[in-house]
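Q: Quick one: structure below, then a few questions.
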6 protein chains.
Amino acid sequence: MSKVAVYRKEHFNAAHRLHNPALSAEENARVFGKCNSPNYHGHNYELSVKVTGEMDPVTGFVIDTKTLSKLILTEVVERFDHRNLNLDTKEFKDLNPTAENIAIVIYNLLRAKIDAKHDLKITLYETERNFVEYPA
Amino acid sequence: MSKVAVYRKEHFNAAHRLHNPALSAEENARVFGKCNSPNYHGHNYELSVKVTGEMDPVTGFVIDTKTLSKLILTEVVERFDHRNLNLDTKEFKDLNPTAENIAIVIYNLLRAKIDAKHDLKITLYETERNFVEYPA
Amino acid sequence: MSKVAVYRKEHFNAAHRLHNPALSAEENARVFGKCNSPNYHGHNYELSVKVTGEMDPVTGFVIDTKTLSKLILTEVVERFDHRNLNLDTKEFKDLNPTAENIAIVIYNLLRAKIDAKHDLKITLYETERNFVEYPA
Amino acid sequence: MSKVAVYRKEHFNAAHRLHNPALSAEENARVFGKCNSPNYHGHNYELSVKVTGEMDPVTGFVIDTKTLSKLILTEVVERFDHRNLNLDTKEFKDLNPTAENIAIVIYNLLRAKIDAKHDLKITLYETERNFVEYPA
Amino acid sequence: MSKVAVYRKEHFNAAHRLHNPALSAEENARVFGKCNSPNYHGHNYELSVKVTGEMDPVTGFVIDTKTLSKLILTEVVERFDHRNLNLDTKEFKDLNPTAENIAIVIYNLLRAKIDAKHDLKITLYETERNFVEYPA
Amino acid sequence: MSKVAVYRKEHFNAAHRLHNPALSAEENARVFGKCNSPNYHGHNYELSVKVTGEMDPVTGFVIDTKTLSKLILTEVVERFDHRNLNLDTKEFKDLNPTAENIAIVIYNLLRAKIDAKHDLKITLYETERNFVEYPA
């Protein structure tokens with residue numbers, strides 16, 4: 001039987017700042033531009049989670065989107081929503097919160113909770129015009 | 001020559017209810033929650049059809065989107081729009097109309113009418129936040 | 001001090017059928033077309049609620065959107081979401097559930113719960129391309 | 001001659017925190033909830049500016065949207081984009097940055113630069129589901 | 001009885017060029033910038049038509065959106081879709097096709113066909129970020 | 001290390017006409033329909049550029065979206081925005097500007113400027129409902 005992909009979208013609003021402590025202040029300003037602004041800025045992060053697998057013949061679901069929604073709320077939204085990613089989260093205490101890194105962190109948080117028989121992919125929108133996908 | 005994918009989006013509005021007659025009323029309520037509501041609820045289904053193949057060098061088209069649009073209207077929209085999927089369609093008389101199953105039914109309806117040299121993929125949005133893709 | 005308008009959007013998914021029992025079957029079919037389909041169809045209704053008034057100088061809010069969101073969920077979404085408007089609700093037992101009538105019903109439900117010093121307006125989207133506003 | 005309204009949308013990404021220093025920590029937490037989170041959170045603010053007036057018969061414009069866009073970029077976006085509204089701007093040093101207050105501040109910044117013969121209205125989207133309009 | 005507003009959205013794709021023959025080539029270039037480009041450019045025009053009035057107690061409609069849709073298709077879309085507004089239409093033969101003027105032309109075309117007891121308003125989107133409303 | 005995909009969206013507004021000089025006028029009209037309209041029509045083209053590769057461990061970026069944005073503006077938007085694709089560009093002087101061909105041209109323009117270690121994919125939206133992807 002062919003596989004089906006199921007998507008669920010959720011969102012969270014957070015502050016962040018791009019900064020690498022291994023670089024000088026000048027290098028940080030040059031590399032990250034206004035995203036290095038010292039007092040943080042923020043985004044409405046839109047998150048799309050794709051789970052791929054075979055349908056359960058009893059339910060007609062690959063995964064119940066209500067279950068998937070609750071999992072994203074528990075593992076991701078409660079952790080990051082209305083937080084400062086750099087200051088308030090252990091995940092980004094020593095990790096630069098680029099969209100790429102946030103997507104990988106979210107992937108790892110959800111991968112640990114989703115049945116290994118299912119494939120998982122994350123799309124994270126920092127804005128409508130800038131977004132990332134992991135794994136590619 | 002590399003292949004190009006062409007997408008056309010259409011939509012239909014339908015009522016449905018998730019229910020498996022092999023399960024008890026209690027099991028149906030537990031598994032499908034409010035989607036098992038006995039008198040049906042409904043959605044604006046948004047449908048994206050992806051056709052992949054080589055461009056015709058005369059037209060510069062993989063497939064004319066006007067042709068693809070007409071095919072989707074004839075095969076899918078006229079069949080399901082403003083219908084009760086469970087009661088009014090032969091396709092879901094004995095098949096639970098989850099988004100997964102609706103996408104597979106639409107794939108099969110269109111696959112029969114699209115040139116075998118073209119690949120086909122269906123994305124079906126039940127809501128802006130819940131959608132499925134087949135084949136994955 | 002000038003007034004500010006605050007908007008909050010919520011949504012619900014419901015089945016309905018347009019039908020006036022005072023008309024004959026032929027007249028119902030002619031007037032309402034496919035919206036008169038006997039076994040119901042459905043929509044993702046998108047609801048925008050506008051509350052206008054003066055800001056509270058202590059909070060900087062006209063109305064807290066968290067409060068407004070909870071009110072809409074309690075009064076509107078829990079009442080209509082995943083329901084058949086014609087069969088499952090007392091509001092539309094004897095009232096044709098056109099978008100116009102649904103918007104007026106929602107207005108009256110919320111008007112009873114929102115401080116009289118605030119103005120209220122409802123926008124109800126039946127689809128992205130068909131929507132109504134009350135009062136106009 | 002009847003008047004025409006012209007709209008231009010721009011956006012900025014900023015961090016903020018809702019907090020009233022005249023309230024206790026407990027009252028701030030109760031009133032503002034997670035929006036009072038001490039290390040800030042953030043949003044993609046979407047801004048719509050409406051300018052109403054009579055068309056210039058030579059240009060067929062009420063106001064050139066290129067001119068309006070530049071004005072919004074100079075007066076609003078350069079001031080607030082990638083900033084912490086509470087810490088980095090003089091406008092919100094002593095003013096709680098609720099959506100209501102941000103809209104009024106933007107109105108006043110633009111009102112000073114737009115010809116008095118034109119009416120002005122601001123719509124500010126904090127998220128897709130929460131937004132405000134000033135003057136109402 | 002209070003009035004209700006009904007909206008219907010349609011769209012058309014057209015080429016145009018902003019140019020006033022009473023101005024010199026230099027003045028046209030200065031005033032209209034790249035919109036004065038001699039060989040035309042184009043847009044996906046999105047059109048929202050608002051009709052306001054009292055509900056018909058028999059139908060529960062202010063105006064049937066199917067009727068309104070057909071009227072917009074006949075009067076506006078068939079006239080302007082896939083056309084060069086400057087070269088192919090009598091309406092813009094001697095009228096500069098700014099968004100303001102296109103909205104007024106569409107208003108007049110529809111006003112002649114909509115019952116005088118109904119109010120009419122046009123919103124025309126040239127892009128997602130530039131749009132106009134008539135009457136304001 | 002797994003790869004990450006980074007997307008950046010930009011847009012341009014252009015006129016075009018579908019026409020193959022190797023076909024007769026009658027064949028062109030039959031094949032391309034209203035898209036063959038002699039005086040051109042136009043679109044708001046929305047462009048999504050996907051760059052896939054490994055993250056730079058210093059920046060946490062696959063590619064800086066500011067860099068990617070500037071590249072798209074220089075190579076694509078300045079070339080095609082507010083132009084007539086058939087008359088004003090050397091790329092479509094002898095190439096039919098179907099969405100498929102425009103996507104391939106954009107791919108080739110950007111492929112020449114993006115590091116060979118990165119994969120590249122183009123999605124071009126002619127309208128919200130018609131779009132293409134290259135390579136598929």
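A note on labels: chains of the structure tokens are A, B, ... as shown, every chain counts residues from 1, and ligands are counted from 1 in their shown order.
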Rotate and translate chain F onto chain A via least squares on all in-order Cα pairs, then write the result as a PDB file with C-alpha atoms, in the first residue's frame.

A:
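Saved to superposed_35.pdb:
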```
ATOM      1  CA  MET F   1      -0.010  -0.009  -0.017  1.00  0.00           C
ATOM      2  CA  SER F   2       1.245   3.462  -0.877  1.00  0.00           C
ATOM      3  CA  LYS F   3       2.021   5.865   1.893  1.00  0.00           C
ATOM      4  CA  VAL F   4       0.091   9.023   2.735  1.00  0.00           C
ATOM      5  CA  ALA F   5       1.510  12.180   4.321  1.00  0.00           C
ATOM      6  CA  VAL F   6      -0.478  14.047   6.985  1.00  0.00           C
ATOM      7  CA  TYR F   7       0.276  17.686   7.857  1.00  0.00           C
ATOM      8  CA  ARG F   8      -0.691  19.705  10.910  1.00  0.00           C
ATOM      9  CA  LYS F   9       0.121  23.389  11.347  1.00  0.00           C
ATOM     10  CA  GLU F  10       0.563  25.202  14.683  1.00  0.00           C
ATOM     11  CA  HIS F  11       2.273  28.457  15.620  1.00  0.00           C
ATOM     12  CA  PHE F  12       4.133  30.230  18.395  1.00  0.00           C
ATOM     13  CA  ASN F  13       5.304  33.785  18.981  1.00  0.00           C
ATOM     14  CA  ALA F  14       8.825  34.257  20.328  1.00  0.00           C
ATOM     15  CA  ALA F  15      11.694  36.703  20.663  1.00  0.00           C
ATOM     16  CA  HIS F  16      15.192  35.821  19.502  1.00  0.00           C
ATOM     17  CA  ARG F  17      18.577  37.255  18.515  1.00  0.00           C
ATOM     18  CA  LEU F  18      21.140  35.743  16.140  1.00  0.00           C
ATOM     19  CA  HIS F  19      24.560  35.769  17.780  1.00  0.00           C
ATOM     20  CA  ASN F  20      27.614  33.536  17.851  1.00  0.00           C
ATOM     21  CA  PRO F  21      29.730  34.130  20.975  1.00  0.00           C
ATOM     22  CA  ALA F  22      32.766  32.733  19.129  1.00  0.00           C
ATOM     23  CA  LEU F  23      32.681  35.773  16.822  1.00  0.00           C
ATOM     24  CA  SER F  24      33.598  39.370  17.700  1.00  0.00           C
ATOM     25  CA  ALA F  25      30.882  42.024  18.038  1.00  0.00           C
ATOM     26  CA  GLU F  26      31.907  43.409  14.647  1.00  0.00           C
ATOM     27  CA  GLU F  27      31.727  39.989  12.992  1.00  0.00           C
ATOM     28  CA  ASN F  28      28.341  39.291  14.574  1.00  0.00           C
ATOM     29  CA  ALA F  29      27.008  42.606  13.279  1.00  0.00           C
ATOM     30  CA  ARG F  30      28.402  41.946   9.814  1.00  0.00           C
ATOM     31  CA  VAL F  31      27.151  38.355   9.559  1.00  0.00           C
ATOM     32  CA  PHE F  32      23.747  38.715  11.201  1.00  0.00           C
ATOM     33  CA  GLY F  33      22.930  42.363  10.463  1.00  0.00           C
ATOM     34  CA  LYS F  34      19.780  43.650  12.159  1.00  0.00           C
ATOM     35  CA  CYS F  35      19.019  40.095  13.376  1.00  0.00           C
ATOM     36  CA  ASN F  36      21.943  40.636  15.811  1.00  0.00           C
ATOM     37  CA  SER F  37      20.140  43.605  17.426  1.00  0.00           C
ATOM     38  CA  PRO F  38      21.163  43.257  21.127  1.00  0.00           C
ATOM     39  CA  ASN F  39      17.747  43.581  22.790  1.00  0.00           C
ATOM     40  CA  TYR F  40      16.086  40.935  20.596  1.00  0.00           C
ATOM     41  CA  HIS F  41      13.302  41.119  18.049  1.00  0.00           C
ATOM     42  CA  GLY F  42      10.576  38.567  17.371  1.00  0.00           C
ATOM     43  CA  HIS F  43       8.428  36.567  15.029  1.00  0.00           C
ATOM     44  CA  ASN F  44       5.127  34.750  14.647  1.00  0.00           C
ATOM     45  CA  TYR F  45       6.624  31.352  13.879  1.00  0.00           C
ATOM     46  CA  GLU F  46       4.348  29.153  11.795  1.00  0.00           C
ATOM     47  CA  LEU F  47       5.131  25.438  12.065  1.00  0.00           C
ATOM     48  CA  SER F  48       4.053  22.667   9.689  1.00  0.00           C
ATOM     49  CA  VAL F  49       4.650  19.062  10.774  1.00  0.00           C
ATOM     50  CA  LYS F  50       4.482  16.294   8.150  1.00  0.00           C
ATOM     51  CA  VAL F  51       4.043  12.664   9.243  1.00  0.00           C
ATOM     52  CA  THR F  52       4.238  10.011   6.532  1.00  0.00           C
ATOM     53  CA  GLY F  53       3.204   6.369   6.752  1.00  0.00           C
ATOM     54  CA  GLU F  54       0.610   3.782   5.925  1.00  0.00           C
ATOM     55  CA  MET F  55      -3.032   4.291   6.847  1.00  0.00           C
ATOM     56  CA  ASP F  56      -4.463   2.309   9.737  1.00  0.00           C
ATOM     57  CA  PRO F  57      -7.249   0.288   8.015  1.00  0.00           C
ATOM     58  CA  VAL F  58      -9.515   0.602  11.073  1.00  0.00           C
ATOM     59  CA  THR F  59      -9.404   4.392  11.393  1.00  0.00           C
ATOM     60  CA  GLY F  60      -8.483   5.515   7.892  1.00  0.00           C
ATOM     61  CA  PHE F  61      -5.832   7.709   9.570  1.00  0.00           C
ATOM     62  CA  VAL F  62      -2.053   7.682   9.216  1.00  0.00           C
ATOM     63  CA  ILE F  63      -2.067   9.622  12.459  1.00  0.00           C
ATOM     64  CA  ASP F  64      -5.035  11.409  14.046  1.00  0.00           C
ATOM     65  CA  THR F  65      -4.472  15.158  13.533  1.00  0.00           C
ATOM     66  CA  LYS F  66      -5.982  15.774  16.986  1.00  0.00           C
ATOM     67  CA  THR F  67      -3.242  13.575  18.480  1.00  0.00           C
ATOM     68  CA  LEU F  68      -0.598  15.248  16.350  1.00  0.00           C
ATOM     69  CA  SER F  69      -1.872  18.700  17.325  1.00  0.00           C
ATOM     70  CA  LYS F  70      -1.707  17.855  21.050  1.00  0.00           C
ATOM     71  CA  LEU F  71       1.810  16.502  20.656  1.00  0.00           C
ATOM     72  CA  ILE F  72       3.014  19.675  18.937  1.00  0.00           C
ATOM     73  CA  LEU F  73       1.355  21.830  21.608  1.00  0.00           C
ATOM     74  CA  THR F  74       2.952  19.839  24.438  1.00  0.00           C
ATOM     75  CA  GLU F  75       6.422  19.397  22.971  1.00  0.00           C
ATOM     76  CA  VAL F  76       6.896  22.630  21.010  1.00  0.00           C
ATOM     77  CA  VAL F  77       4.331  25.377  21.615  1.00  0.00           C
ATOM     78  CA  GLU F  78       4.311  25.213  25.434  1.00  0.00           C
ATOM     79  CA  ARG F  79       8.113  25.236  25.362  1.00  0.00           C
ATOM     80  CA  PHE F  80       8.663  28.198  23.012  1.00  0.00           C
ATOM     81  CA  ASP F  81       5.476  30.298  22.820  1.00  0.00           C
ATOM     82  CA  HIS F  82       5.786  33.796  24.310  1.00  0.00           C
ATOM     83  CA  ARG F  83       9.397  33.045  25.257  1.00  0.00           C
ATOM     84  CA  ASN F  84      12.750  34.568  24.496  1.00  0.00           C
ATOM     85  CA  LEU F  85      14.458  31.668  22.730  1.00  0.00           C
ATOM     86  CA  ASN F  86      17.967  32.800  23.733  1.00  0.00           C
ATOM     87  CA  LEU F  87      17.228  33.529  27.401  1.00  0.00           C
ATOM     88  CA  ASP F  88      14.268  31.358  28.391  1.00  0.00           C
ATOM     89  CA  THR F  89      14.943  27.956  26.784  1.00  0.00           C
ATOM     90  CA  LYS F  90      17.627  25.383  27.489  1.00  0.00           C
ATOM     91  CA  GLU F  91      17.579  24.319  23.804  1.00  0.00           C
ATOM     92  CA  PHE F  92      18.998  27.652  22.583  1.00  0.00           C
ATOM     93  CA  LYS F  93      21.132  28.544  25.586  1.00  0.00           C
ATOM     94  CA  ASP F  94      24.222  27.566  23.588  1.00  0.00           C
ATOM     95  CA  LEU F  95      22.736  27.271  20.107  1.00  0.00           C
ATOM     96  CA  ASN F  96      22.159  30.156  17.704  1.00  0.00           C
ATOM     97  CA  PRO F  97      18.363  30.286  17.058  1.00  0.00           C
ATOM     98  CA  THR F  98      18.451  30.534  13.263  1.00  0.00           C
ATOM     99  CA  ALA F  99      15.385  29.126  11.507  1.00  0.00           C
ATOM    100  CA  GLU F 100      17.571  26.176  10.483  1.00  0.00           C
ATOM    101  CA  ASN F 101      18.520  25.361  14.076  1.00  0.00           C
ATOM    102  CA  ILE F 102      14.993  25.880  15.412  1.00  0.00           C
ATOM    103  CA  ALA F 103      13.642  23.434  12.797  1.00  0.00           C
ATOM    104  CA  ILE F 104      16.252  20.808  13.745  1.00  0.00           C
ATOM    105  CA  VAL F 105      15.485  21.224  17.467  1.00  0.00           C
ATOM    106  CA  ILE F 106      11.743  20.834  16.790  1.00  0.00           C
ATOM    107  CA  TYR F 107      12.414  17.784  14.626  1.00  0.00           C
ATOM    108  CA  ASN F 108      14.379  16.139  17.435  1.00  0.00           C
ATOM    109  CA  LEU F 109      11.718  16.960  20.048  1.00  0.00           C
ATOM    110  CA  LEU F 110       8.962  15.421  17.925  1.00  0.00           C
ATOM    111  CA  ARG F 111      11.024  12.538  16.506  1.00  0.00           C
ATOM    112  CA  ALA F 112      11.399  11.191  20.056  1.00  0.00           C
ATOM    113  CA  LYS F 113       7.611  11.034  20.445  1.00  0.00           C
ATOM    114  CA  ILE F 114       6.415   9.805  17.045  1.00  0.00           C
ATOM    115  CA  ASP F 115       6.285   6.129  16.151  1.00  0.00           C
ATOM    116  CA  ALA F 116       9.516   5.084  14.359  1.00  0.00           C
ATOM    117  CA  LYS F 117       7.470   3.592  11.516  1.00  0.00           C
ATOM    118  CA  HIS F 118       6.471   7.118  10.509  1.00  0.00           C
ATOM    119  CA  ASP F 119       8.668   9.594   8.640  1.00  0.00           C
ATOM    120  CA  LEU F 120       8.788  13.141   9.950  1.00  0.00           C
ATOM    121  CA  LYS F 121       9.503  16.480   8.276  1.00  0.00           C
ATOM    122  CA  ILE F 122       9.375  20.016   9.715  1.00  0.00           C
ATOM    123  CA  THR F 123       8.678  23.263   7.856  1.00  0.00           C
ATOM    124  CA  LEU F 124       9.228  26.397   9.932  1.00  0.00           C
ATOM    125  CA  TYR F 125       8.118  29.817   8.662  1.00  0.00           C
ATOM    126  CA  GLU F 126       9.970  32.728  10.304  1.00  0.00           C
ATOM    127  CA  THR F 127       7.994  35.062   8.049  1.00  0.00           C
ATOM    128  CA  GLU F 128       5.720  34.408   5.074  1.00  0.00           C
ATOM    129  CA  ARG F 129       8.763  34.947   2.826  1.00  0.00           C
ATOM    130  CA  ASN F 130      11.513  33.167   4.817  1.00  0.00           C
ATOM    131  CA  PHE F 131      11.143  29.529   5.762  1.00  0.00           C
ATOM    132  CA  VAL F 132      13.102  26.292   6.148  1.00  0.00           C
ATOM    133  CA  GLU F 133      12.478  22.566   5.854  1.00  0.00           C
ATOM    134  CA  TYR F 134      14.199  19.738   7.751  1.00  0.00           C
ATOM    135  CA  PRO F 135      15.196  17.189   6.747  1.00  0.00           C
ATOM    136  CA  ALA F 136      15.472  18.491   3.176  1.00  0.00           C
TER     137      ALA F 136
END
```

Q: Enumerate the residues of range 76-118 of chain E with a DSSP assignment of alpha helix (DSSP H), computed from the backbone, and present them as a list in words.

A: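 Everything in range 76-118 of chain E that counts as alpha helix (DSSP H) is Glu78, Arg79, Phe80, Leu85, Asn86, Leu87, Asp88, Ala99, Glu100, Asn101, Ile102, Ala103, Ile104, Val105, Ile106, Tyr107, Asn108, Leu109, Leu110 and Arg111 of chain E.
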
Q: Generate the output file for the selected residues, C-alpha atoms, as a CSV table (one decimal), in the first residue's frame.

A:
```
chain,number,residue,atom,x,y,z
E,78,GLU,CA,-15.4,39.1,-19.5
E,79,ARG,CA,-14.6,42.7,-20.3
E,80,PHE,CA,-11.2,42.9,-18.7
E,85,LEU,CA,-6.6,47.7,-20.4
E,86,ASN,CA,-5.1,50.5,-22.4
E,87,LEU,CA,-5.4,49.0,-25.9
E,88,ASP,CA,-8.3,46.5,-25.7
E,99,ALA,CA,-6.3,51.2,-9.5
E,100,GLU,CA,-8.4,54.2,-8.4
E,101,ASN,CA,-9.8,54.7,-11.9
E,102,ILE,CA,-10.3,50.9,-12.5
E,103,ALA,CA,-12.3,50.7,-9.2
E,104,ILE,CA,-14.5,53.7,-10.3
E,105,VAL,CA,-15.2,52.2,-13.7
E,106,ILE,CA,-16.1,48.8,-12.1
E,107,TYR,CA,-18.4,50.6,-9.6
E,108,ASN,CA,-20.2,52.3,-12.5
E,109,LEU,CA,-20.6,49.1,-14.5
E,110,LEU,CA,-22.1,47.3,-11.6
E,111,ARG,CA,-24.1,50.2,-10.1
```

Q: Could you pull out the residues in chain A that DSSP calls strand (DSSP E) from the backbone, as an MDAnalysis selection string?

A: chainID A and resid 4:16 41:53 83:84 119:125 130:134

Q: Would you export the selected residues with N, CA, C and O atoms as a compact mmCIF listing (two decimals), in the first residue's frame, please?

A:
```
# COMPACT_ATOMS: atom_id res chain seq x y z
N VAL A 4 0.78 7.73 2.76
CA VAL A 4 0.11 9.03 2.75
C VAL A 4 0.85 9.93 3.73
O VAL A 4 1.32 9.47 4.77
N ALA A 5 0.94 11.22 3.39
CA ALA A 5 1.52 12.20 4.32
C ALA A 5 0.41 13.03 4.94
O ALA A 5 -0.51 13.45 4.24
N VAL A 6 0.50 13.24 6.24
CA VAL A 6 -0.47 14.06 6.98
C VAL A 6 0.27 15.27 7.54
O VAL A 6 1.35 15.12 8.12
N TYR A 7 -0.33 16.45 7.36
CA TYR A 7 0.27 17.70 7.85
C TYR A 7 -0.63 18.34 8.91
O TYR A 7 -1.85 18.37 8.75
N ARG A 8 0.00 18.90 9.91
CA ARG A 8 -0.71 19.71 10.90
C ARG A 8 0.11 20.98 11.13
O ARG A 8 1.34 20.90 11.34
N LYS A 9 -0.57 22.12 11.11
CA LYS A 9 0.11 23.40 11.34
C LYS A 9 -0.25 23.97 12.72
O LYS A 9 -1.42 23.95 13.12
N GLU A 10 0.73 24.47 13.43
CA GLU A 10 0.55 25.20 14.68
C GLU A 10 1.46 26.43 14.64
O GLU A 10 2.22 26.59 13.68
N HIS A 11 1.40 27.28 15.64
CA HIS A 11 2.26 28.46 15.62
C HIS A 11 2.65 28.87 17.03
O HIS A 11 2.02 28.49 18.00
N PHE A 12 3.71 29.66 17.12
CA PHE A 12 4.12 30.24 18.40
C PHE A 12 4.79 31.58 18.12
O PHE A 12 5.32 31.81 17.04
N ASN A 13 4.74 32.44 19.12
CA ASN A 13 5.30 33.80 19.00
C ASN A 13 6.46 33.90 19.97
O ASN A 13 6.27 33.69 21.17
N ALA A 14 7.65 34.25 19.47
CA ALA A 14 8.82 34.25 20.33
C ALA A 14 9.76 35.39 19.96
O ALA A 14 9.73 35.90 18.84
N ALA A 15 10.60 35.76 20.93
CA ALA A 15 11.70 36.69 20.67
C ALA A 15 12.97 35.89 20.43
O ALA A 15 13.12 34.77 20.94
N HIS A 16 13.88 36.44 19.64
CA HIS A 16 15.19 35.81 19.50
C HIS A 16 16.21 36.85 19.03
O HIS A 16 15.88 37.99 18.72
N HIS A 41 14.49 40.76 18.81
CA HIS A 41 13.29 41.11 18.04
C HIS A 41 12.44 39.85 18.07
O HIS A 41 12.71 38.95 18.87
N GLY A 42 11.42 39.74 17.24
CA GLY A 42 10.59 38.54 17.37
C GLY A 42 9.81 38.21 16.12
O GLY A 42 9.84 38.96 15.13
N HIS A 43 9.17 37.07 16.18
CA HIS A 43 8.43 36.56 15.03
C HIS A 43 7.18 35.80 15.49
O HIS A 43 7.14 35.25 16.58
N ASN A 44 6.19 35.74 14.58
CA ASN A 44 5.13 34.75 14.66
C ASN A 44 5.62 33.53 13.88
O ASN A 44 5.56 33.53 12.65
N TYR A 45 6.13 32.55 14.56
CA TYR A 45 6.62 31.34 13.89
C TYR A 45 5.44 30.45 13.54
O TYR A 45 4.64 30.10 14.42
N GLU A 46 5.35 30.10 12.27
CA GLU A 46 4.33 29.16 11.80
C GLU A 46 5.03 27.82 11.57
O GLU A 46 6.08 27.78 10.91
N LEU A 47 4.46 26.75 12.10
CA LEU A 47 5.11 25.45 12.07
C LEU A 47 4.22 24.43 11.38
O LEU A 47 3.05 24.28 11.73
N SER A 48 4.77 23.74 10.37
CA SER A 48 4.04 22.68 9.69
C SER A 48 4.77 21.36 9.94
O SER A 48 5.97 21.26 9.69
N VAL A 49 4.05 20.37 10.46
CA VAL A 49 4.65 19.07 10.78
C VAL A 49 4.04 18.03 9.85
O VAL A 49 2.82 17.88 9.78
N LYS A 50 4.92 17.32 9.12
CA LYS A 50 4.48 16.30 8.14
C LYS A 50 4.85 14.92 8.67
O LYS A 50 6.02 14.65 8.94
N VAL A 51 3.85 14.05 8.79
CA VAL A 51 4.05 12.68 9.24
C VAL A 51 3.61 11.75 8.11
O VAL A 51 2.47 11.83 7.65
N THR A 52 4.51 10.88 7.68
CA THR A 52 4.25 10.02 6.53
C THR A 52 4.25 8.55 6.95
O THR A 52 5.13 8.11 7.68
N GLY A 53 3.25 7.82 6.46
CA GLY A 53 3.22 6.39 6.76
C GLY A 53 2.03 5.74 6.09
O GLY A 53 1.36 6.34 5.25
N ARG A 83 8.08 33.12 24.61
CA ARG A 83 9.38 33.04 25.27
C ARG A 83 10.43 33.79 24.47
O ARG A 83 10.26 34.04 23.26
N ASN A 84 11.52 34.08 25.14
CA ASN A 84 12.74 34.55 24.50
C ASN A 84 13.59 33.31 24.27
O ASN A 84 14.06 32.68 25.24
N ASP A 119 7.70 8.57 8.96
CA ASP A 119 8.68 9.60 8.63
C ASP A 119 8.18 10.95 9.12
O ASP A 119 6.98 11.18 9.23
N LEU A 120 9.12 11.86 9.37
CA LEU A 120 8.79 13.16 9.94
C LEU A 120 9.54 14.24 9.19
O LEU A 120 10.72 14.08 8.86
N LYS A 121 8.85 15.32 8.88
CA LYS A 121 9.50 16.49 8.28
C LYS A 121 8.90 17.76 8.87
O LYS A 121 7.70 17.84 9.11
N ILE A 122 9.76 18.75 9.09
CA ILE A 122 9.38 20.02 9.71
C ILE A 122 9.53 21.14 8.69
O ILE A 122 10.56 21.23 8.04
N THR A 123 8.52 21.99 8.56
CA THR A 123 8.68 23.27 7.86
C THR A 123 8.41 24.38 8.86
O THR A 123 7.38 24.37 9.54
N LEU A 124 9.35 25.30 8.98
CA LEU A 124 9.23 26.40 9.93
C LEU A 124 9.29 27.73 9.18
O LEU A 124 10.28 28.02 8.51
N TYR A 125 8.20 28.51 9.30
CA TYR A 125 8.12 29.82 8.65
C TYR A 125 8.50 30.89 9.67
O TYR A 125 7.79 31.06 10.67
N ASN A 130 10.32 33.90 4.41
CA ASN A 130 11.53 33.17 4.81
C ASN A 130 11.13 31.92 5.56
O ASN A 130 10.54 32.02 6.65
N PHE A 131 11.48 30.74 5.03
CA PHE A 131 11.15 29.53 5.76
C PHE A 131 12.14 28.42 5.43
O PHE A 131 12.90 28.52 4.46
N VAL A 132 12.14 27.40 6.29
CA VAL A 132 13.11 26.30 6.15
C VAL A 132 12.40 24.96 6.32
O VAL A 132 11.31 24.89 6.90
N GLU A 133 13.05 23.92 5.83
CA GLU A 133 12.49 22.57 5.85
C GLU A 133 13.59 21.62 6.33
O GLU A 133 14.72 21.71 5.82
N TYR A 134 13.21 20.72 7.26
CA TYR A 134 14.21 19.76 7.75
C TYR A 134 13.54 18.43 8.07
O TYR A 134 12.51 18.43 8.72
```
